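Q: Next comes the structure file data25.pdb, holding PDB, C-alpha atoms.
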ATOM      1  CA  MET A 218       0.000   0.000   0.000
ATOM      2  CA  GLU A 219       1.364   3.395  -0.979
ATOM      3  CA  GLU A 220       1.846   5.713   2.003
ATOM      4  CA  THR A 221       2.817   9.335   2.388
ATOM      5  CA  VAL A 222       6.578   9.584   1.860
ATOM      6  CA  LYS A 223       8.361  11.182   4.826
ATOM      7  CA  THR A 224      12.081  11.792   4.760
ATOM      8  CA  GLU A 225      14.167  13.709   7.245
ATOM      9  CA  ASN A 226      13.496  17.031   5.531
ATOM     10  CA  GLN A 227      10.571  16.430   3.180
ATOM     11  CA  ILE A 228       6.989  15.187   3.289
ATOM     12  CA  THR A 229       5.410  14.114   0.006
ATOM     13  CA  LEU A 230       1.756  13.196  -0.385
ATOM     14  CA  SER A 231       1.135   9.708  -1.748
ATOM     15  CA  LYS A 232      -0.927   8.952  -4.834
ATOM     16  CA  LYS A 233      -3.444   7.280  -2.513
ATOM     17  CA  ASP A 234      -3.894  10.479  -0.486
ATOM     18  CA  LEU A 235      -4.343  12.561  -3.631
ATOM     19  CA  ASN A 236      -6.749  10.109  -5.261
ATOM     20  CA  LYS A 237      -8.834  10.007  -2.097
ATOM     21  CA  SER A 238      -8.896  13.811  -1.941
ATOM     22  CA  TRP A 239      -9.975  14.035  -5.604
ATOM     23  CA  TRP A 240     -12.631  11.358  -5.091
ATOM     24  CA  TYR A 241     -14.074  13.147  -2.071
ATOM     25  CA  TRP A 242     -14.235  16.365  -4.054
ATOM     26  CA  VAL A 243     -15.799  15.070  -7.263
ATOM     27  CA  CYS A 244     -18.368  12.891  -5.463
ATOM     28  CA  TRP A 245     -19.290  14.998  -2.444
ATOM     29  CA  GLY A 246     -18.033  18.506  -3.108
ATOM     30  CA  GLN A 247     -21.598  19.722  -3.671
ATOM     31  CA  ILE A 248     -23.465  17.547  -1.201
ATOM     32  CA  CYS A 249     -23.400  19.968   1.764
ATOM     33  CA  TYR A 250     -24.538  23.202   0.116
ATOM     34  CA  ASN A 251     -25.650  25.866   2.555
ATOM     35  CA  TYR A 252     -26.087  29.627   2.378
ATOM     36  CA  GLU A 253     -23.322  30.317   4.888
ATOM     37  CA  ARG A 254     -20.446  28.452   3.241
ATOM     38  CA  MET A 255     -21.925  27.068  -0.024
ATOM     39  CA  MET A 256     -19.388  24.312  -0.948
ATOM     40  CA  GLY A 257     -17.089  25.059   1.982
ATOM     41  CA  LEU A 258     -17.912  21.827   3.815
ATOM     42  CA  GLY A 259     -17.343  19.760   0.683
ATOM     43  CA  PHE A 260     -13.993  21.439   0.068
ATOM     44  CA  CYS A 261     -12.952  20.860   3.683
ATOM     45  CA  GLN A 262     -13.829  17.178   3.392
ATOM     46  CA  SER A 263     -11.706  16.849   0.247
ATOM     47  CA  MET A 264      -8.731  18.235   2.182
ATOM     48  CA  ILE A 265      -8.994  15.695   5.035
ATOM     49  CA  PRO A 266      -6.933  12.967   3.257
ATOM     50  CA  VAL A 267      -4.317  15.624   2.415
ATOM     51  CA  LEU A 268      -4.117  16.912   5.987
ATOM     52  CA  LYS A 269      -3.968  13.399   7.435
ATOM     53  CA  GLY A 270      -1.236  12.476   4.975
ATOM     54  CA  LEU A 271       0.797  15.507   6.027
ATOM     55  CA  TYR A 272       0.161  15.642   9.764
ATOM     56  CA  GLY A 273      -0.830  12.091  10.689
ATOM     57  CA  ASP A 274      -2.480  11.983  14.110
ATOM     58  CA  ASP A 275      -1.477  15.508  15.119
ATOM     59  CA  LYS A 276      -4.960  16.669  16.190
ATOM     60  CA  GLU A 277      -3.907  20.282  16.607
ATOM     61  CA  LYS A 278      -2.531  20.522  13.054
ATOM     62  CA  LEU A 279      -5.564  18.665  11.661
ATOM     63  CA  ALA A 280      -7.922  21.039  13.467
ATOM     64  CA  GLU A 281      -6.028  24.074  12.159
ATOM     65  CA  GLY A 282      -6.153  22.727   8.612
ATOM     66  CA  MET A 283      -9.860  21.917   8.701
ATOM     67  CA  THR A 284     -10.654  25.321  10.203
ATOM     68  CA  ARG A 285      -8.598  26.902   7.422
ATOM     69  CA  HIS A 286     -10.854  25.343   4.795
ATOM     70  CA  LEU A 287     -14.208  25.801   6.534
ATOM     71  CA  THR A 288     -14.767  29.087   4.714
ATOM     72  CA  PHE A 289     -17.134  30.263   2.000
ATOM     73  CA  TYR A 290     -16.371  28.528  -1.274
ATOM     74  CA  ASN A 291     -18.298  28.049  -4.499
ATOM     75  CA  THR A 292     -17.271  26.980  -7.998
ATOM     76  CA  GLU A 293     -18.074  24.482 -10.753
ATOM     77  CA  ASN A 294     -17.304  20.963  -9.590
ATOM     78  CA  THR A 295     -15.604  19.427 -12.637
ATOM     79  CA  TRP A 296     -13.172  22.067 -13.908
ATOM     80  CA  GLY A 297     -13.013  23.531 -10.405
ATOM     81  CA  ALA A 298     -11.221  20.355  -9.264
ATOM     82  CA  VAL A 299      -7.973  22.077 -10.227
ATOM     83  CA  ILE A 300      -8.316  24.272  -7.124
ATOM     84  CA  PRO A 301      -8.222  21.492  -4.480
ATOM     85  CA  GLY A 302      -5.291  20.076  -6.459
ATOM     86  CA  ILE A 303      -3.434  23.379  -6.191
ATOM     87  CA  VAL A 304      -4.349  23.715  -2.514
ATOM     88  CA  ALA A 305      -3.057  20.183  -1.846
ATOM     89  CA  SER A 306       0.257  21.298  -3.335
ATOM     90  CA  LEU A 307       0.272  24.422  -1.150
ATOM     91  CA  GLU A 308      -0.580  22.413   1.963
ATOM     92  CA  GLU A 309       2.303  20.085   1.194
ATOM     93  CA  GLY A 310       4.651  23.038   0.811
ATOM     94  CA  ARG A 311       3.385  24.551   4.061
ATOM     95  CA  ALA A 312       3.976  21.278   5.919
ATOM     96  CA  ASN A 313       7.534  21.322   4.584
ATOM     97  CA  GLY A 314       8.233  24.766   5.994
ATOM     98  CA  GLN A 315       7.485  26.993   2.995
ATOM     99  CA  ASP A 316       6.183  30.498   3.745
ATOM    100  CA  ILE A 317       2.519  29.806   2.922
ATOM    101  CA  ASP A 318       0.036  31.256   5.376
ATOM    102  CA  ASP A 319      -3.747  30.954   5.712
ATOM    103  CA  GLU A 320      -4.305  34.179   3.786
ATOM    104  CA  THR A 321      -2.306  32.956   0.785
ATOM    105  CA  ILE A 322      -4.392  29.785   0.514
ATOM    106  CA  ASP A 323      -7.680  31.601   1.093
ATOM    107  CA  ASN A 324      -6.856  34.320  -1.462
ATOM    108  CA  LEU A 325      -5.962  31.713  -4.072
ATOM    109  CA  LYS A 326      -9.258  29.868  -3.537
ATOM    110  CA  THR A 327     -11.237  33.107  -3.654
ATOM    111  CA  GLY A 328      -9.429  34.379  -6.736
ATOM    112  CA  LEU A 329      -9.852  31.192  -8.781
ATOM    113  CA  MET A 330     -13.317  29.962  -7.814
ATOM    114  CA  GLY A 331     -15.191  32.630  -9.809
ATOM    115  CA  PRO A 332     -13.325  32.370 -13.141
ATOM    116  CA  LEU A 333     -13.355  28.571 -13.014
ATOM    117  CA  ALA A 334     -17.074  28.574 -12.227
ATOM    118  CA  GLY A 335     -17.649  30.599 -15.391
ATOM    119  CA  LEU A 336     -15.376  28.353 -17.448
ATOM    120  CA  GLY A 337     -16.840  25.139 -16.063
ATOM    121  CA  ASP A 338     -20.466  26.212 -16.431
ATOM    122  CA  SER A 339     -19.847  27.320 -20.031
ATOM    123  CA  ILE A 340     -18.455  23.915 -20.978
ATOM    124  CA  THR A 341     -20.283  21.531 -18.626
ATOM    125  CA  GLN A 342     -23.738  23.074 -18.433
ATOM    126  CA  SER A 343     -23.972  24.819 -21.813
ATOM    127  CA  LEU A 344     -22.235  22.273 -24.043
ATOM    128  CA  VAL A 345     -21.638  18.811 -22.580
ATOM    129  CA  LYS A 346     -24.966  18.408 -20.754
ATOM    130  CA  VAL A 347     -26.936  19.918 -23.643
ATOM    131  CA  ILE A 348     -25.352  17.579 -26.177
ATOM    132  CA  LEU A 349     -25.789  14.463 -24.042
ATOM    133  CA  LEU A 350     -29.366  15.361 -23.058
ATOM    134  CA  SER A 351     -30.262  16.072 -26.685
ATOM    135  CA  ILE A 352     -29.174  12.579 -27.668
ATOM    136  CA  ALA A 353     -30.733  10.949 -24.585
ATOM    137  CA  ILE A 354     -34.114  12.704 -24.834
ATOM    138  CA  ASP A 355     -34.452  11.987 -28.552
ATOM    139  CA  MET A 356     -33.787   8.276 -27.978
ATOM    140  CA  ALA A 357     -36.028   8.170 -24.887
ATOM    141  CA  VAL A 358     -38.929   9.696 -26.847
ATOM    142  CA  GLN A 359     -38.570   6.785 -29.251
ATOM    143  CA  GLY A 360     -38.843   4.366 -26.315
ATOM    144  CA  SER A 361     -35.164   3.426 -26.018
ATOM    145  CA  ILE A 362     -33.505   3.125 -22.610
ATOM    146  CA  VAL A 363     -30.115   3.457 -24.319
ATOM    147  CA  GLY A 364     -30.569   7.226 -24.286
ATOM    148  CA  VAL A 365     -30.641   7.249 -20.485
ATOM    149  CA  LEU A 366     -27.526   5.069 -20.320
ATOM    150  CA  ILE A 367     -25.722   7.332 -22.796
ATOM    151  CA  PHE A 368     -26.393  10.368 -20.620
ATOM    152  CA  VAL A 369     -25.527   8.745 -17.280
ATOM    153  CA  LEU A 370     -22.406   6.952 -18.485
ATOM    154  CA  GLY A 371     -21.293   9.729 -20.825
ATOM    155  CA  PHE A 372     -21.588  12.490 -18.250
ATOM    156  CA  SER A 373     -19.990  10.350 -15.542
ATOM    157  CA  ALA A 374     -17.013   9.629 -17.804
ATOM    158  CA  TYR A 375     -16.679  13.314 -18.646
ATOM    159  CA  ALA A 376     -16.922  14.512 -15.029
ATOM    160  CA  LEU A 377     -14.549  11.878 -13.652
ATOM    161  CA  GLY A 378     -12.022  12.147 -16.474
ATOM    162  CA  VAL A 379     -11.799  15.942 -16.603
ATOM    163  CA  SER A 380     -11.821  16.455 -12.830
ATOM    164  CA  HIS A 381      -9.094  13.825 -12.309
ATOM    165  CA  PHE A 382      -6.912  15.384 -14.994
ATOM    166  CA  VAL A 383      -7.213  18.980 -13.767
ATOM    167  CA  TYR A 384      -6.863  17.976 -10.084
ATOM    168  CA  PHE A 385      -3.516  16.330 -10.693
ATOM    169  CA  GLN A 386      -2.422  19.141 -13.011
ATOM    170  CA  GLY A 387      -3.222  21.497 -10.150
ATOM    171  CA  TYR A 388      -1.153  19.445  -7.726
ATOM    172  CA  LYS A 389       1.720  19.037 -10.180
ATOM    173  CA  PHE A 390       2.085  22.666 -11.222
ATOM    174  CA  GLY A 391       0.767  24.415  -8.105
ATOM    175  CA  LYS A 392      -0.050  28.095  -8.591
ATOM    176  CA  THR A 393       0.931  27.980 -12.285
ATOM    177  CA  ALA A 394      -1.509  25.135 -13.088
ATOM    178  CA  ILE A 395      -4.194  27.417 -14.543
ATOM    179  CA  MET A 396      -1.759  28.986 -16.988
ATOM    180  CA  LYS A 397      -0.477  25.531 -17.973
ATOM    181  CA  ILE A 398      -4.019  24.296 -18.695
ATOM    182  CA  LEU A 399      -5.238  27.428 -20.467
ATOM    183  CA  GLY A 400      -1.981  28.268 -22.188
ATOM    184  CA  ASN A 401      -1.794  25.177 -24.414
ATOM    185  CA  GLY A 402      -5.091  25.966 -26.175
ATOM    186  CA  MET A 403      -6.816  22.815 -24.881
ATOM    187  CA  ILE A 404      -9.875  24.694 -23.583
ATOM    188  CA  LYS A 405     -10.339  26.599 -26.840
ATOM    189  CA  ASP A 406     -10.030  23.454 -28.974
ATOM    190  CA  MET A 407     -12.440  21.531 -26.733
ATOM    191  CA  THR A 408     -14.987  24.338 -26.736
ATOM    192  CA  GLU A 409     -14.884  24.668 -30.534
ATOM    193  CA  ALA A 410     -15.182  20.900 -31.013
ATOM    194  CA  LEU A 411     -18.123  20.593 -28.602
ATOM    195  CA  GLY A 412     -19.773  23.622 -30.201
ATOM    196  CA  ALA A 413     -19.522  22.057 -33.669
ATOM    197  CA  LEU A 414     -20.844  18.732 -32.377
ATOM    198  CA  GLY A 415     -23.690  20.520 -30.634
ATOM    199  CA  MET A 416     -24.705  22.297 -33.842
ATOM    200  CA  MET A 417     -24.736  18.975 -35.730
ATOM    201  CA  ILE A 418     -26.934  17.354 -33.086
ATOM    202  CA  LEU A 419     -29.212  20.395 -33.010
ATOM    203  CA  GLY A 420     -29.663  20.189 -36.773
ATOM    204  CA  GLY A 421     -30.656  16.525 -36.509
ATOM    205  CA  LEU A 422     -33.124  17.258 -33.715
ATOM    206  CA  ILE A 423     -34.737  20.067 -35.718
ATOM    207  CA  ALA A 424     -35.227  17.774 -38.700
ATOM    208  CA  ASN A 425     -36.695  14.944 -36.606
ATOM    209  CA  ASN A 426     -38.798  16.859 -34.094
ATOM    210  CA  ILE A 427     -40.114  19.956 -35.918
ATOM    211  CA  PRO A 428     -42.079  18.463 -38.836
ATOM    212  CA  VAL A 429     -43.279  21.584 -40.675
ATOM    213  CA  LYS A 430     -44.538  20.875 -44.206
ATOM    214  CA  THR A 431     -46.692  22.736 -46.678
ATOM    215  CA  THR A 432     -49.451  21.414 -48.959
ATOM    216  CA  LEU A 433     -49.226  24.311 -51.436
ATOM    217  CA  THR A 434     -48.947  23.550 -55.133
ATOM    218  CA  TYR A 435     -48.682  25.709 -58.221
ATOM    219  CA  SER A 436     -49.279  25.098 -61.947
ATOM    220  CA  LEU A 437     -46.892  26.055 -64.712
ATOM    221  CA  GLN A 438     -47.656  25.261 -68.348
ATOM    222  CA  GLY A 439     -50.256  22.726 -67.289
ATOM    223  CA  MET A 440     -47.930  20.977 -64.873
ATOM    224  CA  SER A 441     -48.697  20.905 -61.150
ATOM    225  CA  THR A 442     -45.711  21.239 -58.837
ATOM    226  CA  GLU A 443     -45.647  20.725 -55.079
ATOM    227  CA  VAL A 444     -43.951  23.549 -53.202
ATOM    228  CA  GLN A 445     -42.765  21.127 -50.499
ATOM    229  CA  GLY A 446     -40.925  19.001 -53.051
ATOM    230  CA  MET A 447     -39.267  22.064 -54.506
ATOM    231  CA  LEU A 448     -38.167  23.237 -51.046
ATOM    232  CA  ASP A 449     -36.793  19.782 -50.214
ATOM    233  CA  SER A 450     -34.715  19.865 -53.400
ATOM    234  CA  ILE A 451     -33.160  23.127 -52.214
ATOM    235  CA  LEU A 452     -32.701  22.137 -48.563
ATOM    236  CA  PRO A 453     -34.511  19.253 -46.849
ATOM    237  CA  ASN A 454     -36.611  20.390 -43.865
ATOM    238  CA  LEU A 455     -36.151  24.037 -44.837
ATOM    239  CA  LEU A 456     -39.466  25.028 -43.206
ATOM    240  CA  SER A 457     -38.439  23.296 -39.990
ATOM    241  CA  VAL A 458     -35.191  25.266 -39.896
ATOM    242  CA  ALA A 459     -37.076  28.487 -40.697
ATOM    243  CA  THR A 460     -39.525  27.832 -37.846
ATOM    244  CA  PHE A 461     -36.657  27.232 -35.457
ATOM    245  CA  GLY A 462     -35.047  30.471 -36.634
ATOM    246  CA  VAL A 463     -38.232  32.387 -35.932
ATOM    247  CA  VAL A 464     -38.389  30.982 -32.396
ATOM    248  CA  VAL A 465     -34.750  31.949 -31.756
ATOM    249  CA  TYR A 466     -35.479  35.450 -33.084
ATOM    250  CA  MET A 467     -38.463  35.757 -30.714
ATOM    251  CA  LEU A 468     -36.350  34.659 -27.756
ATOM    252  CA  ARG A 469     -33.665  37.210 -28.585
ATOM    253  CA  LYS A 470     -36.326  39.888 -28.770
ATOM    254  CA  GLY A 471     -37.346  39.055 -25.228
ATOM    255  CA  TRP A 472     -40.530  37.081 -25.884
ATOM    256  CA  LYS A 473     -41.551  34.807 -23.035
ATOM    257  CA  PRO A 474     -41.734  31.043 -23.809
ATOM    258  CA  THR A 475     -45.471  30.960 -23.038
ATOM    259  CA  LYS A 476     -46.139  33.756 -25.532
ATOM    260  CA  ILE A 477     -44.050  31.987 -28.175
ATOM    261  CA  MET A 478     -45.916  28.678 -27.719
ATOM    262  CA  ILE A 479     -49.320  30.353 -27.931
ATOM    263  CA  SER A 480     -48.222  32.247 -31.066
ATOM    264  CA  LEU A 481     -47.019  29.030 -32.708
ATOM    265  CA  MET A 482     -50.259  27.234 -31.862
ATOM    266  CA  LEU A 483     -52.385  30.043 -33.302
ATOM    267  CA  ALA A 484     -50.225  30.233 -36.423
ATOM    268  CA  SER A 485     -50.514  26.459 -36.913
ATOM    269  CA  VAL A 486     -54.308  26.543 -36.593
ATOM    270  CA  VAL A 487     -54.704  29.456 -39.009
ATOM    271  CA  LEU A 488     -52.240  28.155 -41.628
ATOM    272  CA  GLY A 489     -53.698  24.647 -41.363
ATOM    273  CA  PHE A 490     -57.248  25.971 -41.781
ATOM    274  CA  PHE A 491     -56.301  27.724 -45.050
ATOM    275  CA  GLY A 492     -54.480  24.658 -46.317
ATOM    276  CA  ILE A 493     -51.033  26.239 -46.238
ATOM    277  CA  LEU A 494     -49.524  23.772 -43.779
ATOM    278  CA  ALA A 495     -50.045  20.040 -43.750
TER     279      ALA A 495
END
Just give me the structure as structure tokens.
A:
Amino acid sequence: MEETVKTENQITLSKKDLNKSWWYWVCWGQICYNYERMMGLGFCQSMIPVLKGLYGDDKEKLAEGMTRHLTFYNTENTWGAVIPGIVASLEEGRANGQDIDDETIDNLKTGLMGPLAGLGDSITQSLVKVILLSIAIDMAVQGSIVGVLIFVLGFSAYALGVSHFVYFQGYKFGKTAIMKILGNGMIKDMTEALGALGMMILGGLIANNIPVKTTLTYSLQGMSTEVQGMLDSILPNLLSVATFGVVVYMLRKGWKPTKIMISLMLASVVLGFFGILA
């Protein structure tokens, strides 16, 4: 079993300590939300394996460390895992006599939690969850349980994989970890790739779930031509895309969802009554 390495002059956290700290954070970092400290309790719990690895059974040092981390804290759980990784590195340095005080650790947590919350929410909530839910909901509507499994397993793999990577990058590079992660262009490339994938999935969902077709025909030189067939030859499901575009335009103009739905229902009834829509 791998234990914390202690030499005459140096204490080094073991992989077991770090893995346990990461696991506590990614699984239970958000389980004790409260208005006083938000994720402070979850962060403190993730530091317990680190503090025990550094101070053993020294109850006074353990109490000081836990008190140090029982402060207000709030960020996004997946990408925010880099912060407990950095703090683990700082705690290790402090235990080895480096000039790292409570204020330094607290200021680092406070300074990074906001930007990483914005970064993590932009990727996790706005891209990854949307893409996975789009696939899962579409399959579930068709009666397939595979959609549910895709979401649960896919999001779990994403959350565990990303959080593990950034946690250990945080521990490895300490205060410079954020610049190492952001500086190599990984975030930009990932965001662009997920954005492109999201647009592809959105296009498929529009085609499958917004079936807008017209029954209009016109005659030219004695030949009757269906408008729908002509539109499909230009761009399949063009009316579906146009309808989606109208809804997006309404949302950007500040229309409430209820008003948009009522407008679409009325438009459907009127256009259907006059034989314009199928």
Q: Please identify all polymer residues within 12 Å of Asn294 of chain A, counting all atoms listed in the file, omitting same-chain residues fewer than 6 positions from it, and present them as number ranges by chain.
A: A: 239-248, 256, 259-260, 300-301, 330-331, 333-338, 340-342, 375-377, 379-381, 383-384
Q: Which value, in Å to one decimal, gives the distance between atom CA of Glu253 of chain A and atom CA of Thr284 of chain A?
A: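 Atom-to-atom, atom CA of Glu253 of chain A and atom CA of Thr284 of chain A are spaced 14.6 Å apart.
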Q: Which value, in Å to one decimal, gives the distance between atom CA of Val363 of chain A and atom CA of Pro428 of chain A?
A: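 According to the coordinates, atom CA of Val363 of chain A and atom CA of Pro428 of chain A are separated by 24.1 Å.
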Q: Can you tell me how far atom CA of Asp274 of chain A sits from atom CA of Ser306 of chain A, in Å to one decimal?
A: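 Computing it gives 20.0 Å between the two atoms.
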Q: Give me the result of the PyMOL selection byres ((chain A and resi 458-471) around 9) on this file, residue by residue, as a list in words.
A: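 On this input, the PyMOL selection byres ((chain A and resi 458-471) around 9) captures Gly420, Ile423, Ala424, Ile427, Val429, Asn454, Leu455, Leu456, Ser457, Trp472, Lys473, Pro474, Ile477 and Leu481 of chain A.
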Q: Could you give me, as a VMD selection string, the residues within 10 Å of Leu329 of chain A, counting all atoms listed in the file and dropping anything in the same chain fewer than 5 positions from it?
A: chain A and resid 291 to 292 297 299 to 300 324 334 395
Q: Starting from 4 Å padding per side, set up an axis-aligned box that covers all listed atoms of segment 292-297 of chain A and hand over centre and edge lengths in Å, one decimal, as lines of an AutoDock Vina configuration file.
A:
center_x = -15.5
center_y = 23.2
center_z = -11.0
size_x = 13.1
size_y = 15.6
size_z = 13.9
Q: Name the closest residue to Ile265 of chain A among the candidates A:Glu309, A:Asp355, A:Asp234, A:Glu293; distances are taken between atoms, counting only C-alpha atoms.
A: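 Of A:Glu309, A:Asp355, A:Asp234, A:Glu293, the one nearest Ile265 of chain A, counting only C-alpha atoms, is A:Asp234.
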Q: Please write as a list in words the list of polymer residues whose atoms come within 8 Å of (-12.2, 26.5, 2.8), counting all atoms listed in the file and keeping to the coordinates of the file.
A: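 It turns out the residues near that spot are Gly257, Leu258, Phe260, Cys261, Met283, Thr284, Arg285, His286, Leu287, Thr288, Phe289, Tyr290, Asp323 and Lys326 of chain A.
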Q: Point out the residue among A:Gly360, A:Gly302, A:Gly387, A:Gly282 with the least atom-to-atom distance to Asp319 of chain A, counting all atoms listed in the file.
A: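 The answer is A:Gly282, which sits nearest to Asp319 of chain A.
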